[in-house]
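**Q** File protein.cif below, mmCIF, C-alpha atoms (C1' of nucleotides):
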data_start
loop_
_atom_site.label_atom_id
_atom_site.label_comp_id
_atom_site.auth_asym_id
_atom_site.auth_seq_id
_atom_site.Cartn_x
_atom_site.Cartn_y
_atom_site.Cartn_z
CA MET A 1 -120.95 42.97 47.97
CA THR A 2 -117.80 41.12 48.83
CA GLU A 3 -119.70 39.18 51.40
CA THR A 4 -121.57 37.26 48.74
CA LYS A 5 -118.44 36.44 46.79
CA PRO A 6 -118.02 32.97 48.31
CA LEU A 7 -121.28 31.89 46.72
CA THR A 8 -120.57 33.31 43.28
CA ASP A 9 -117.14 31.68 43.45
CA TYR A 10 -118.73 28.41 44.49
CA ILE A 11 -121.17 28.56 41.59
CA LYS A 12 -118.40 29.45 39.16
CA GLN A 13 -116.65 26.23 40.10
CA HIS A 14 -119.55 24.48 38.42
CA ILE A 15 -120.78 26.79 35.66
CA ALA A 16 -119.30 29.84 33.92
CA LEU A 17 -120.88 33.20 34.73
CA THR A 18 -120.34 36.44 32.81
CA ASP A 19 -119.66 39.56 34.86
CA GLU A 20 -123.16 40.73 34.13
CA GLU A 21 -124.71 37.48 35.31
CA SER A 22 -122.51 37.49 38.32
CA SER A 23 -123.61 40.95 39.39
CA PHE A 24 -127.25 40.19 38.69
CA LEU A 25 -126.91 37.20 40.95
CA THR A 26 -125.27 39.32 43.61
CA SER A 27 -128.13 41.81 43.45
CA LYS A 28 -130.65 39.08 44.25
CA ILE A 29 -129.04 37.40 47.22
CA HIS A 30 -128.08 38.65 50.61
CA PHE A 31 -125.63 37.92 53.30
CA LYS A 32 -126.88 37.32 56.80
CA LYS A 33 -125.59 36.31 60.19
CA TYR A 34 -127.45 34.26 62.74
CA ARG A 35 -126.65 33.38 66.30
CA LYS A 36 -126.52 29.99 67.93
CA ARG A 37 -130.04 28.67 68.58
CA ASP A 38 -131.71 31.02 66.06
CA MET A 39 -134.49 29.28 64.14
CA LEU A 40 -134.41 29.63 60.36
CA LEU A 41 -137.62 27.70 59.90
CA SER A 42 -140.26 26.20 62.16
CA GLN A 43 -142.45 23.19 61.55
CA GLY A 44 -145.72 24.39 60.02
CA ASP A 45 -144.33 27.58 58.52
CA ILE A 46 -143.90 27.98 54.79
CA CYS A 47 -140.27 27.85 53.74
CA LYS A 48 -139.45 30.90 51.60
CA THR A 49 -135.68 30.86 51.31
CA TYR A 50 -132.71 28.81 50.23
CA TYR A 51 -129.81 29.08 52.64
CA PHE A 52 -126.21 28.60 51.61
CA ILE A 53 -123.97 28.21 54.61
CA LEU A 54 -120.67 30.08 54.63
CA SER A 55 -119.63 29.23 58.15
CA GLY A 56 -121.28 27.61 61.12
CA ALA A 57 -123.74 24.73 61.19
CA THR A 58 -127.45 24.00 61.30
CA LYS A 59 -129.60 21.02 62.09
CA THR A 60 -132.78 20.07 60.25
CA PHE A 61 -135.09 18.16 62.56
CA TYR A 62 -138.67 17.44 63.42
CA LEU A 63 -140.61 16.66 66.54
CA ASP A 64 -142.68 13.49 66.54
CA LYS A 65 -146.03 13.08 68.27
CA ALA A 66 -144.26 12.33 71.54
CA GLY A 67 -142.26 15.55 71.23
CA THR A 68 -138.99 13.75 70.58
CA GLU A 69 -136.54 15.47 68.30
CA HIS A 70 -135.25 13.62 65.23
CA ILE A 71 -132.38 15.16 63.30
CA LEU A 72 -132.64 14.54 59.59
CA THR A 73 -129.44 16.22 58.58
CA PHE A 74 -126.73 18.62 59.65
CA CYS A 75 -125.68 21.34 57.26
CA ILE A 76 -122.21 22.79 57.45
CA GLU A 77 -119.99 25.10 55.39
CA ASN A 78 -120.63 25.12 51.64
CA TRP A 79 -123.89 23.26 51.88
CA TRP A 80 -127.52 24.17 51.30
CA ALA A 81 -130.26 24.19 53.87
CA ALA A 82 -134.01 24.41 53.28
CA ASP A 83 -137.12 22.31 53.67
CA LEU A 84 -137.30 21.55 49.98
CA GLY A 85 -140.70 19.93 50.23
CA SER A 86 -142.13 23.09 51.75
CA LEU A 87 -140.17 25.36 49.45
CA ILE A 88 -141.14 23.80 46.14
CA SER A 89 -144.81 23.35 46.89
CA GLN A 90 -145.23 26.17 49.39
CA THR A 91 -146.86 23.89 51.91
CA PRO A 92 -146.30 23.88 55.69
CA ALA A 93 -142.82 22.74 56.60
CA ALA A 94 -142.35 19.29 58.07
CA TYR A 95 -139.02 20.31 59.53
CA ASN A 96 -137.35 22.86 61.73
CA ILE A 97 -134.00 24.37 60.87
CA GLN A 98 -131.92 25.78 63.65
CA CYS A 99 -128.40 27.14 64.02
CA LEU A 100 -126.05 25.07 66.13
CA GLU A 101 -123.41 27.79 66.14
CA ASN A 102 -123.21 31.40 65.12
CA THR A 103 -123.71 30.93 61.42
CA SER A 104 -123.28 33.21 58.42
CA MET A 105 -125.09 32.47 55.25
CA ILE A 106 -126.28 33.65 51.92
CA GLU A 107 -130.00 33.71 51.44
CA ILE A 108 -131.83 33.35 48.16
CA PRO A 109 -135.51 34.18 48.53
CA LEU A 110 -137.81 31.92 46.53
CA ASP A 111 -139.09 34.73 44.31
CA ALA A 112 -135.56 35.87 43.54
CA MET A 113 -134.89 32.31 42.51
CA GLU A 114 -137.50 32.54 39.79
CA ASN A 115 -135.90 35.69 38.41
CA LEU A 116 -132.51 34.09 38.51
CA TYR A 117 -133.68 31.08 36.56
CA LEU A 118 -135.18 33.35 33.90
CA LYS A 119 -132.18 35.60 33.55
CA ILE A 120 -129.49 32.94 33.98
CA PRO A 121 -130.93 29.68 32.66
CA LYS A 122 -127.64 27.93 33.34
CA LEU A 123 -128.59 28.05 36.99
CA GLU A 124 -131.27 25.44 36.33
CA ARG A 125 -128.47 23.09 35.50
CA PHE A 126 -126.47 24.10 38.52
CA PHE A 127 -129.31 23.54 40.95
CA ARG A 128 -130.34 20.35 39.25
CA LYS A 129 -126.90 19.03 40.02
CA ILE A 130 -127.04 20.25 43.60
CA VAL A 131 -130.32 18.47 44.19
CA GLU A 132 -129.05 15.33 42.47
CA ARG A 133 -126.14 15.26 44.86
CA ALA A 134 -128.37 15.80 47.86
CA TYR A 135 -130.68 13.06 46.65
CA VAL A 136 -127.86 10.57 46.34
CA ALA A 137 -126.62 11.46 49.82
CA THR A 138 -130.08 10.83 51.21
CA GLN A 139 -130.30 7.48 49.45
CA ASN A 140 -127.01 6.47 51.00
CA ARG A 141 -128.35 7.42 54.38
CA ILE A 142 -131.28 5.06 53.89
CA THR A 143 -128.95 2.33 52.75
CA ASP A 144 -126.87 2.75 55.88
CA ALA A 145 -129.90 2.79 58.13
CA PHE A 146 -130.96 -0.47 56.56
CA SER A 147 -127.91 -2.59 56.83
CA LEU A 148 -125.73 -1.11 59.53
CA SER A 149 -125.94 -1.67 63.26
CA ALA A 150 -126.06 1.36 65.53
CA LYS A 151 -122.31 0.98 66.07
CA GLU A 152 -121.56 0.98 62.37
CA GLN A 153 -123.85 3.91 61.71
CA TYR A 154 -121.98 5.89 64.29
CA THR A 155 -118.78 5.22 62.40
CA ALA A 156 -120.47 6.19 59.14
CA PHE A 157 -121.62 9.45 60.73
CA GLN A 158 -118.06 10.27 61.77
CA LYS A 159 -116.91 9.69 58.21
CA ARG A 160 -119.68 11.72 56.63
CA TYR A 161 -119.20 14.68 58.96
CA PRO A 162 -115.54 14.79 59.91
CA GLN A 163 -114.92 16.91 63.02
CA LEU A 164 -118.58 17.77 63.45
CA GLU A 165 -118.79 15.51 66.48
CA GLN A 166 -116.44 17.89 68.29
CA ARG A 167 -118.78 20.81 67.61
CA ILE A 168 -122.11 19.44 68.81
CA PRO A 169 -123.48 17.70 71.90
CA GLN A 170 -123.59 13.94 71.91
CA TYR A 171 -127.34 13.70 72.22
CA MET A 172 -127.67 15.33 68.81
CA VAL A 173 -125.46 12.69 67.28
CA ALA A 174 -127.74 10.10 68.88
CA SER A 175 -130.78 11.84 67.46
CA TYR A 176 -129.21 11.85 64.00
CA LEU A 177 -128.47 8.15 64.31
CA GLY A 178 -132.00 7.45 65.46
CA ILE A 179 -130.98 5.97 68.82
CA GLN A 180 -131.21 7.02 72.46
CA PRO A 181 -128.43 9.10 74.03
CA GLN A 182 -127.91 6.30 76.53
CA SER A 183 -127.32 3.84 73.73
CA LEU A 184 -124.74 6.07 72.08
CA SER A 185 -123.01 6.50 75.42
CA ARG A 186 -122.78 2.72 75.73
CA ILE A 187 -121.50 2.32 72.19
CA ARG A 188 -118.76 4.84 72.85
CA LYS A 189 -117.82 3.18 76.08
CA GLU A 190 -117.65 -0.22 74.44
CA ARG A 191 -115.55 1.12 71.59
CA LYS A 192 -112.89 2.48 73.91
CA ALA A 193 -112.54 -0.94 75.52
CA MET B 1 -143.07 6.63 17.28
CA THR B 2 -146.43 6.45 18.96
CA GLU B 3 -144.92 4.24 21.61
CA THR B 4 -142.96 7.13 23.08
CA LYS B 5 -145.97 9.42 23.16
CA PRO B 6 -146.78 8.74 26.82
CA LEU B 7 -143.48 10.30 27.85
CA THR B 8 -143.78 13.39 25.65
CA ASP B 9 -147.31 13.83 26.95
CA TYR B 10 -146.07 13.45 30.50
CA ILE B 11 -143.37 16.06 29.95
CA LYS B 12 -145.84 18.41 28.30
CA GLN B 13 -147.89 18.35 31.46
CA HIS B 14 -144.99 20.18 33.06
CA ILE B 15 -143.36 22.26 30.33
CA ALA B 16 -144.43 23.37 26.86
CA LEU B 17 -142.68 21.71 23.92
CA THR B 18 -142.80 22.88 20.29
CA ASP B 19 -143.43 20.25 17.65
CA GLU B 20 -139.81 20.44 16.67
CA GLU B 21 -138.61 19.91 20.23
CA SER B 22 -141.07 17.15 20.67
CA SER B 23 -139.82 15.26 17.65
CA PHE B 24 -136.19 15.83 18.57
CA LEU B 25 -136.98 14.33 21.94
CA THR B 26 -138.68 11.40 20.31
CA SER B 27 -135.65 10.79 18.13
CA LYS B 28 -133.42 10.44 21.17
CA ILE B 29 -135.44 8.05 23.30
CA HIS B 30 -136.59 4.52 22.72
CA PHE B 31 -139.32 2.25 23.79
CA LYS B 32 -138.43 -1.12 25.22
CA LYS B 33 -140.09 -4.11 26.82
CA TYR B 34 -138.62 -6.26 29.53
CA ARG B 35 -139.79 -9.47 31.08
CA LYS B 36 -140.33 -10.32 34.71
CA ARG B 37 -136.99 -10.91 36.43
CA ASP B 38 -134.93 -9.08 33.79
CA MET B 39 -132.13 -7.01 35.30
CA LEU B 40 -131.84 -3.41 34.15
CA LEU B 41 -128.75 -2.76 36.21
CA SER B 42 -126.44 -4.81 38.39
CA GLN B 43 -124.44 -3.69 41.40
CA GLY B 44 -120.96 -2.69 40.20
CA ASP B 45 -121.96 -1.85 36.64
CA ILE B 46 -122.03 1.72 35.42
CA CYS B 47 -125.57 3.03 34.99
CA LYS B 48 -125.95 4.49 31.49
CA THR B 49 -129.68 5.06 31.13
CA TYR B 50 -132.67 6.77 32.63
CA TYR B 51 -135.76 4.56 32.61
CA PHE B 52 -139.27 5.93 32.53
CA ILE B 53 -141.79 3.24 33.35
CA LEU B 54 -144.93 3.05 31.24
CA SER B 55 -146.36 -0.12 32.72
CA GLY B 56 -145.10 -2.77 35.09
CA ALA B 57 -142.88 -2.37 38.12
CA THR B 58 -139.26 -2.58 39.19
CA LYS B 59 -137.39 -2.84 42.44
CA THR B 60 -134.14 -1.07 43.27
CA PHE B 61 -132.20 -3.05 45.82
CA TYR B 62 -128.77 -3.97 47.03
CA LEU B 63 -127.18 -6.98 48.63
CA ASP B 64 -125.35 -6.41 51.89
CA LYS B 65 -122.19 -8.23 52.96
CA ALA B 66 -124.29 -11.12 54.24
CA GLY B 67 -126.03 -11.39 50.87
CA THR B 68 -129.35 -10.14 52.20
CA GLU B 69 -131.47 -8.13 49.81
CA HIS B 70 -132.62 -4.64 50.83
CA ILE B 71 -135.17 -2.91 48.65
CA LEU B 72 -134.66 0.82 48.46
CA THR B 73 -137.64 1.66 46.25
CA PHE B 74 -140.23 0.24 43.98
CA CYS B 75 -140.85 2.07 40.74
CA ILE B 76 -144.21 1.83 39.05
CA GLU B 77 -146.07 3.47 36.17
CA ASN B 78 -145.07 7.06 35.41
CA TRP B 79 -142.00 7.02 37.55
CA TRP B 80 -138.28 7.12 36.89
CA ALA B 81 -135.78 4.42 37.67
CA ALA B 82 -131.98 4.67 37.66
CA ASP B 83 -129.08 4.55 40.07
CA LEU B 84 -128.63 8.29 40.05
CA GLY B 85 -125.39 8.15 41.97
CA SER B 86 -123.88 5.88 39.38
CA LEU B 87 -125.46 7.77 36.50
CA ILE B 88 -124.31 11.26 37.39
CA SER B 89 -120.77 10.38 38.33
CA GLN B 90 -120.37 7.28 36.14
CA THR B 91 -119.14 5.22 39.05
CA PRO B 92 -120.03 1.58 39.82
CA ALA B 93 -123.65 1.20 40.80
CA ALA B 94 -124.51 0.56 44.43
CA TYR B 95 -127.87 -0.84 43.44
CA ASN B 96 -129.54 -3.43 41.27
CA ILE B 97 -132.67 -2.70 39.33
CA GLN B 98 -134.88 -5.59 38.37
CA CYS B 99 -138.32 -6.00 36.81
CA LEU B 100 -141.00 -7.42 39.06
CA GLU B 101 -143.42 -7.86 36.18
CA ASN B 102 -143.27 -7.64 32.43
CA THR B 103 -142.47 -3.98 32.12
CA SER B 104 -142.45 -1.53 29.24
CA MET B 105 -140.43 1.60 29.45
CA ILE B 106 -138.86 4.49 27.68
CA GLU B 107 -135.12 4.69 27.89
CA ILE B 108 -133.03 7.83 27.67
CA PRO B 109 -129.34 7.04 27.29
CA LEU B 110 -127.06 9.32 29.26
CA ASP B 111 -125.37 10.76 26.17
CA ALA B 112 -128.73 11.50 24.56
CA MET B 113 -129.57 13.35 27.75
CA GLU B 114 -126.69 15.73 27.20
CA ASN B 115 -127.92 16.49 23.66
CA LEU B 116 -131.42 17.00 24.93
CA TYR B 117 -130.31 19.51 27.53
CA LEU B 118 -128.39 21.46 24.89
CA LYS B 119 -131.19 21.50 22.35
CA ILE B 120 -134.08 21.89 24.80
CA PRO B 121 -132.78 23.80 27.82
CA LYS B 122 -136.25 23.76 29.35
CA LEU B 123 -135.62 20.13 30.12
CA GLU B 124 -133.09 21.14 32.74
CA ARG B 125 -135.97 22.69 34.61
CA PHE B 126 -138.16 19.67 34.09
CA PHE B 127 -135.59 17.23 35.43
CA ARG B 128 -134.65 19.52 38.25
CA LYS B 129 -138.23 19.32 39.40
CA ILE B 130 -138.33 15.56 38.99
CA VAL B 131 -135.24 15.14 41.15
CA GLU B 132 -136.58 17.60 43.71
CA ARG B 133 -139.69 15.50 44.03
CA ALA B 134 -137.71 12.30 44.35
CA TYR B 135 -135.52 13.91 46.96
CA VAL B 136 -138.48 14.97 49.05
CA ALA B 137 -139.95 11.47 48.83
CA THR B 138 -136.67 10.02 50.05
CA GLN B 139 -136.55 12.44 52.95
CA ASN B 140 -140.03 11.39 53.97
CA ARG B 141 -138.93 7.80 53.90
CA ILE B 142 -136.15 8.59 56.36
CA THR B 143 -138.57 10.47 58.55
CA ASP B 144 -140.88 7.47 58.61
CA ALA B 145 -138.06 5.07 59.34
CA PHE B 146 -137.12 7.26 62.27
CA SER B 147 -140.33 7.68 64.10
CA LEU B 148 -142.64 4.89 63.04
CA SER B 149 -142.77 1.38 64.42
CA ALA B 150 -142.62 -1.52 61.97
CA LYS B 151 -146.42 -1.72 62.14
CA GLU B 152 -146.86 1.93 61.25
CA GLN B 153 -144.31 1.77 58.48
CA TYR B 154 -146.24 -1.08 56.96
CA THR B 155 -149.33 1.13 56.91
CA ALA B 156 -147.28 3.96 55.40
CA PHE B 157 -146.05 1.62 52.68
CA GLN B 158 -149.62 0.67 51.80
CA LYS B 159 -150.48 4.33 51.48
CA ARG B 160 -147.45 5.24 49.41
CA TYR B 161 -147.91 2.34 47.00
CA PRO B 162 -151.63 1.66 46.76
CA GLN B 163 -152.36 -1.79 45.31
CA LEU B 164 -148.71 -2.67 44.91
CA GLU B 165 -148.94 -5.12 47.77
CA GLN B 166 -151.26 -7.23 45.64
CA ARG B 167 -148.67 -7.41 42.88
CA ILE B 168 -145.57 -8.52 44.78
CA PRO B 169 -144.63 -11.24 47.26
CA GLN B 170 -144.79 -10.41 50.92
CA TYR B 171 -141.10 -10.93 51.54
CA MET B 172 -140.35 -8.01 49.25
CA VAL B 173 -142.59 -5.76 51.30
CA ALA B 174 -140.65 -6.89 54.36
CA SER B 175 -137.37 -6.11 52.63
CA TYR B 176 -138.64 -2.64 51.72
CA LEU B 177 -139.65 -2.06 55.33
CA GLY B 178 -136.30 -3.27 56.55
CA ILE B 179 -137.69 -6.12 58.62
CA GLN B 180 -137.71 -9.92 58.40
CA PRO B 181 -140.48 -11.71 56.51
CA GLN B 182 -141.39 -13.48 59.75
CA SER B 183 -141.91 -10.16 61.48
CA LEU B 184 -144.17 -8.88 58.72
CA SER B 185 -146.16 -12.09 58.89
CA ARG B 186 -146.67 -11.52 62.61
CA ILE B 187 -147.66 -7.90 62.10
CA ARG B 188 -150.27 -8.93 59.57
CA LYS B 189 -151.60 -11.63 61.84
CA GLU B 190 -151.86 -9.24 64.75
CA ARG B 191 -153.60 -6.64 62.64
CA LYS B 192 -156.34 -9.01 61.59
CA ALA B 193 -157.06 -9.79 65.25
"C1'" DC C 1 -120.25 29.20 92.98
"C1'" DG C 2 -124.50 27.07 91.89
"C1'" DA C 3 -128.20 25.61 88.84
"C1'" DA C 4 -129.29 23.38 84.80
"C1'" DA C 5 -128.03 20.42 81.20
"C1'" DA C 6 -125.49 16.55 79.41
"C1'" DT C 7 -123.61 12.21 80.08
"C1'" DT C 8 -122.99 7.87 82.31
"C1'" DT C 9 -124.44 3.76 84.59
"C1'" DG C 10 -127.57 0.12 86.31
"C1'" DA C 11 -131.65 -2.82 86.16
"C1'" DC C 12 -135.19 -4.37 83.60
"C1'" DA C 13 -138.60 -4.61 79.56
"C1'" DT C 14 -139.52 -5.39 74.84
"C1'" DG C 15 -139.64 -5.55 69.83
"C1'" DA C 16 -137.47 -7.64 66.32
"C1'" DC C 17 -134.13 -11.31 64.97
"C1'" DT C 18 -132.59 -16.10 64.50
"C1'" DC C 19 -133.17 -20.80 64.02
"C1'" DA C 20 -136.17 -24.38 63.12
"C1'" DA C 21 -140.21 -26.84 62.04
"C1'" DC C 22 -144.45 -27.00 59.68
"C1'" DT C 23 -148.25 -25.75 56.17
"C1'" DG C 24 -149.97 -24.89 51.84
"C1'" DG C 25 -149.95 -23.68 47.09
"C1'" DA C 26 -147.65 -23.63 42.36
"C1'" DG C 27 -145.29 -25.80 39.08
"C1'" DT C 28 -143.05 -30.09 37.05
"C1'" DG C 29 -142.47 -34.56 35.39
"C1'" DG C 30 -143.76 -39.25 35.27
"C1'" DC D 1 -153.83 -36.67 37.06
"C1'" DC D 2 -151.17 -37.66 40.85
"C1'" DA D 3 -146.68 -37.58 43.42
"C1'" DC D 4 -142.85 -34.70 44.18
"C1'" DT D 5 -140.39 -30.64 44.85
"C1'" DC D 6 -139.78 -25.98 45.76
"C1'" DC D 7 -140.77 -21.79 47.72
"C1'" DA D 8 -143.58 -18.46 50.28
"C1'" DG D 9 -145.64 -17.90 54.33
"C1'" DT D 10 -146.74 -19.09 59.21
"C1'" DT D 11 -145.77 -20.32 63.85
"C1'" DG D 12 -143.00 -21.34 68.03
"C1'" DA D 13 -139.09 -20.81 71.27
"C1'" DG D 14 -135.15 -18.60 72.73
"C1'" DT D 15 -131.74 -14.61 72.15
"C1'" DC D 16 -130.09 -10.05 71.64
"C1'" DA D 17 -129.84 -5.18 70.71
"C1'" DT D 18 -131.88 -1.29 71.97
"C1'" DG D 19 -135.39 1.13 74.65
"C1'" DT D 20 -137.18 2.67 79.18
"C1'" DC D 21 -136.97 4.31 83.73
"C1'" DA D 22 -134.29 6.00 87.35
"C1'" DA D 23 -130.40 7.60 89.75
"C1'" DA D 24 -125.60 9.15 90.02
"C1'" DT D 25 -122.02 11.91 88.10
"C1'" DT D 26 -119.83 15.29 85.26
"C1'" DT D 27 -119.83 19.37 82.48
"C1'" DT D 28 -121.41 23.82 81.07
"C1'" DC D 29 -122.36 28.35 81.72
"C1'" DG D 30 -124.73 32.32 83.81
#
Take the structure in the file and write it out as structure tokens.
**A**
Amino acid sequence: MTETKPLTDYIKQHIALTDEESSFLTSKIHFKKYRKRDMLLSQGDICKTYYFILSGATKTFYLDKAGTEHILTFCIENWWAADLGSLISQTPAAYNIQCLENTSMIEIPLDAMENLYLKIPKLERFFRKIVERAYVATQNRITDAFSLSAKEQYTAFQKRYPQLEQRIPQYMVASYLGIQPQSLSRIRKERKA
Amino acid sequence: MTETKPLTDYIKQHIALTDEESSFLTSKIHFKKYRKRDMLLSQGDICKTYYFILSGATKTFYLDKAGTEHILTFCIENWWAADLGSLISQTPAAYNIQCLENTSMIEIPLDAMENLYLKIPKLERFFRKIVERAYVATQNRITDAFSLSAKEQYTAFQKRYPQLEQRIPQYMVASYLGIQPQSLSRIRKERKA
DNA sequence: CGAAAATTTGACATGACTCAACTGGAGTGG
DNA sequence: CCACTCCAGTTGAGTCATGTCAAATTTTCG
């Protein structure tokens, strides 16, 4: 299973795994490829899988009452995607997850996760740290939303996701920033001047 | 140490602890009382402690360049307070934490935490779940900020923190919502009508 | 090439901000 | 116990950033 090696390597950067643990892990996860526009999860479904992105990109978004799309986060290489709220309490997902490019990932089904935690308790620590990091990132996002103007948030986005802007349409950046595409267009125009 | 019992009880609701584990835990944590307006953490300091609130309330906030206060969260009974970003990477805190009332809490110093994880590995699981929950709450906050008007966010705040509004000044609610006190005053006026 | 989608631009509306004045209650000191 | 001060909260008037609606233009892609 050489295809799953990137994940075991990634985990080994954080915690030591014996060969046995490593191969048990490998036996529980699987490699998968998706195509641009494929949905990994739809609002209302129950999220059953953790996704670790090897290459490509996804967006996590939801549709409000008016049917407008709001992008909560982009996930790119070496990052995790899932609707954690749905996953941990097995309730209907609040979010959709969709591929923005052809994307290859490693999937860890929820029930495999339980086995992994039992057999390799160290993984509790690993995932605790992953979630901690994600939590801090989300807090920073709130902080930015609070005190930065649309212009400044756009700059912050470019810093947080270097190069991503080149890979996705502008209206998605606007959606991530919580502004209208027209407004982003005007901000960009103004910045050039 | 009967004063620390509420926390051990709280943890036991989630994971089983032997008597030995329970008393080891108790030996590592301490009970403490703070007074209204006491600072638990100041922007720029390194956060060294997890706080579990038994009674009272705190606010976690930061001051922007203009010196305006933005409240990220309120923490009340049975909830955790800390600047996790500062705590996990031992970098200067982005946030201040201050008591809004006389508040009693249980403190777990960061280095005690490491001992606890070693001696009681189950705690990794417990804290993973705590952080997961906090993460989901933060995501929901972003979602609200995105799609709700100031009016609707005010209603959401009242739902998320029942009764808290009665315990704190109105300008803090405004700060939490990310609007001016004047705007909140107008929203309240309009709602009565 | 042609249709559909994305982006830009213009004109106008609006929600929230800013600045400023005023009200009312809480706490303090004479 | 009253006068004074301070601070939270309210209200008003004008401003500004962003939203809305609509049309023109450019880009993408089958």
**Q** Residues of chain A near chain C: apply a cut-off of 8 Å, count all atoms listed in the file, and supply the list as a PyMOL selection string.
**A** chain A and resi 169+171+182+185
**Q** By how many Å are CA of Asp38 (chain B) and CA of Thr58 (chain B) apart?
**A**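 Interatomic distance, CA of Asp38 (chain B) to CA of Thr58 (chain B): 9.5 Å.
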**Q** Applied to the shown file, which residues does the PyMOL selection byres ((chain D) within 12 of (chain A)) return, written as a list in words?
**A** DA17, DT18, DG19, DT20, DC21, DT27 and DT28 of chain D
**Q** Using all atoms listed in the file, which residues of chain A come within 8 Å of chain B, and what is the closest atom pair for each, with the distance in Å to one decimal? Give it as a tab-separated table, sorted by chain and residue number.
**A**
residue	atom	partner	partner_atom	distance
A:Asp64	CA	B:Ser147	CA	6.7
A:His70	CA	B:Phe146	CA	7.3
A:Leu72	CA	B:Thr143	CA	7.3
A:Leu84	CA	B:Val136	CA	6.7
A:Gly85	CA	B:Val136	CA	5.6
A:Pro121	CA	B:Pro121	CA	7.8
A:Glu124	CA	B:Arg125	CA	5.7
A:Arg125	CA	B:Glu124	CA	5.7
A:Phe127	CA	B:Arg128	CA	7.2
A:Arg128	CA	B:Arg128	CA	4.5
A:Lys129	CA	B:Arg128	CA	8.0
A:Val131	CA	B:Glu132	CA	6.3
A:Glu132	CA	B:Val131	CA	6.3
A:Arg133	CA	B:Gly85	CA	7.7
A:Ala134	CA	B:Tyr135	CA	7.5
A:Tyr135	CA	B:Tyr135	CA	4.9
A:Val136	CA	B:Gly85	CA	5.6
A:Thr138	CA	B:Thr138	CA	6.7
A:Gln139	CA	B:Thr138	CA	6.9
A:Ile142	CA	B:Ile142	CA	6.5
A:Thr143	CA	B:Leu72	CA	7.3
A:Phe146	CA	B:Gly178	CA	6.0
A:Ser147	CA	B:Asp64	CA	6.7
A:Gly178	CA	B:Phe146	CA	6.0
**Q** Can you tell me how far CA of Gly67 (chain B) sits from CA of Leu100 (chain B), in Å to one decimal?
**A**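 Going from CA of Gly67 (chain B) over to CA of Leu100 (chain B) covers 19.5 Å.
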**Q** Please, what distance in Å, to one decimal, runs between CA of Arg37 (chain A) and CA of Leu25 (chain A)?
**A**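 We find that CA of Arg37 (chain A) and CA of Leu25 (chain A) lie 29.1 Å from each other.
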**Q** Draw an axis-aligned box tight on the listed atoms of region 5-24 of chain D, then pad every side by 8 Å and write out centre and edge lengths in Å to one decimal as AutoDock Vina command-line options.
**A**
--center_x -136.2 --center_y -10.7 --center_z 67.4 --size_x 37.1 --size_y 55.8 --size_z 61.2
**Q** Report as a PyMOL selection string all protein, DNA and RNA residues lying within 9 Å of Ile29 (chain A), evaluated on only C-alpha atoms (C1' of nucleotides), omitting residues in the same chain fewer than 2 positions from it.
**A** chain A and resi 4+25-27+31+106-109+112
**Q** Select, counting only C-alpha atoms (C1' of nucleotides), all protein, DNA and RNA residues no farther than 10 Å from (-136.5, 0.8, 28.5) in file coordinates, and express the selection as a PyMOL selection string.
**A** chain B and resi 29-34+40+49-54+81+103-109
**Q** For the provided coordinates, the residues matched by the PyMOL selection byres ((chain B and resi 57) around 6) should be stated as a PyMOL selection string.
**A** chain B and resi 56+58+75-76+99-101
**Q** Since the input has fewer atoms than a full residue there, write region 24-32 of chain B out with N, CA and C atoms, as a PDB file, in the frame of the given file.
**A**
ATOM      1  N   PHE B  24    -137.607  16.051  18.226  1.00  0.00           N
ATOM      2  CA  PHE B  24    -136.190  15.830  18.570  1.00  0.00           C
ATOM      3  C   PHE B  24    -136.104  14.891  19.781  1.00  0.00           C
ATOM      4  N   LEU B  25    -136.918  15.180  20.759  1.00  0.00           N
ATOM      5  CA  LEU B  25    -136.980  14.330  21.940  1.00  0.00           C
ATOM      6  C   LEU B  25    -137.269  12.887  21.545  1.00  0.00           C
ATOM      7  N   THR B  26    -138.288  12.744  20.731  1.00  0.00           N
ATOM      8  CA  THR B  26    -138.680  11.400  20.310  1.00  0.00           C
ATOM      9  C   THR B  26    -137.546  10.666  19.599  1.00  0.00           C
ATOM     10  N   SER B  27    -136.737  11.436  18.864  1.00  0.00           N
ATOM     11  CA  SER B  27    -135.650  10.790  18.130  1.00  0.00           C
ATOM     12  C   SER B  27    -134.541  10.279  19.048  1.00  0.00           C
ATOM     13  N   LYS B  28    -134.513  10.789  20.251  1.00  0.00           N
ATOM     14  CA  LYS B  28    -133.420  10.440  21.170  1.00  0.00           C
ATOM     15  C   LYS B  28    -133.770   9.338  22.172  1.00  0.00           C
ATOM     16  N   ILE B  29    -135.024   9.016  22.279  1.00  0.00           N
ATOM     17  CA  ILE B  29    -135.440   8.050  23.300  1.00  0.00           C
ATOM     18  C   ILE B  29    -135.960   6.796  22.623  1.00  0.00           C
ATOM     19  N   HIS B  30    -135.981   5.695  23.341  1.00  0.00           N
ATOM     20  CA  HIS B  30    -136.590   4.520  22.720  1.00  0.00           C
ATOM     21  C   HIS B  30    -137.403   3.702  23.692  1.00  0.00           C
ATOM     22  N   PHE B  31    -138.371   3.091  23.075  1.00  0.00           N
ATOM     23  CA  PHE B  31    -139.320   2.250  23.790  1.00  0.00           C
ATOM     24  C   PHE B  31    -138.729   0.851  23.921  1.00  0.00           C
ATOM     25  N   LYS B  32    -138.955   0.226  25.054  1.00  0.00           N
ATOM     26  CA  LYS B  32    -138.430  -1.120  25.220  1.00  0.00           C
ATOM     27  C   LYS B  32    -139.274  -1.922  26.205  1.00  0.00           C
TER      28      LYS B  32
END
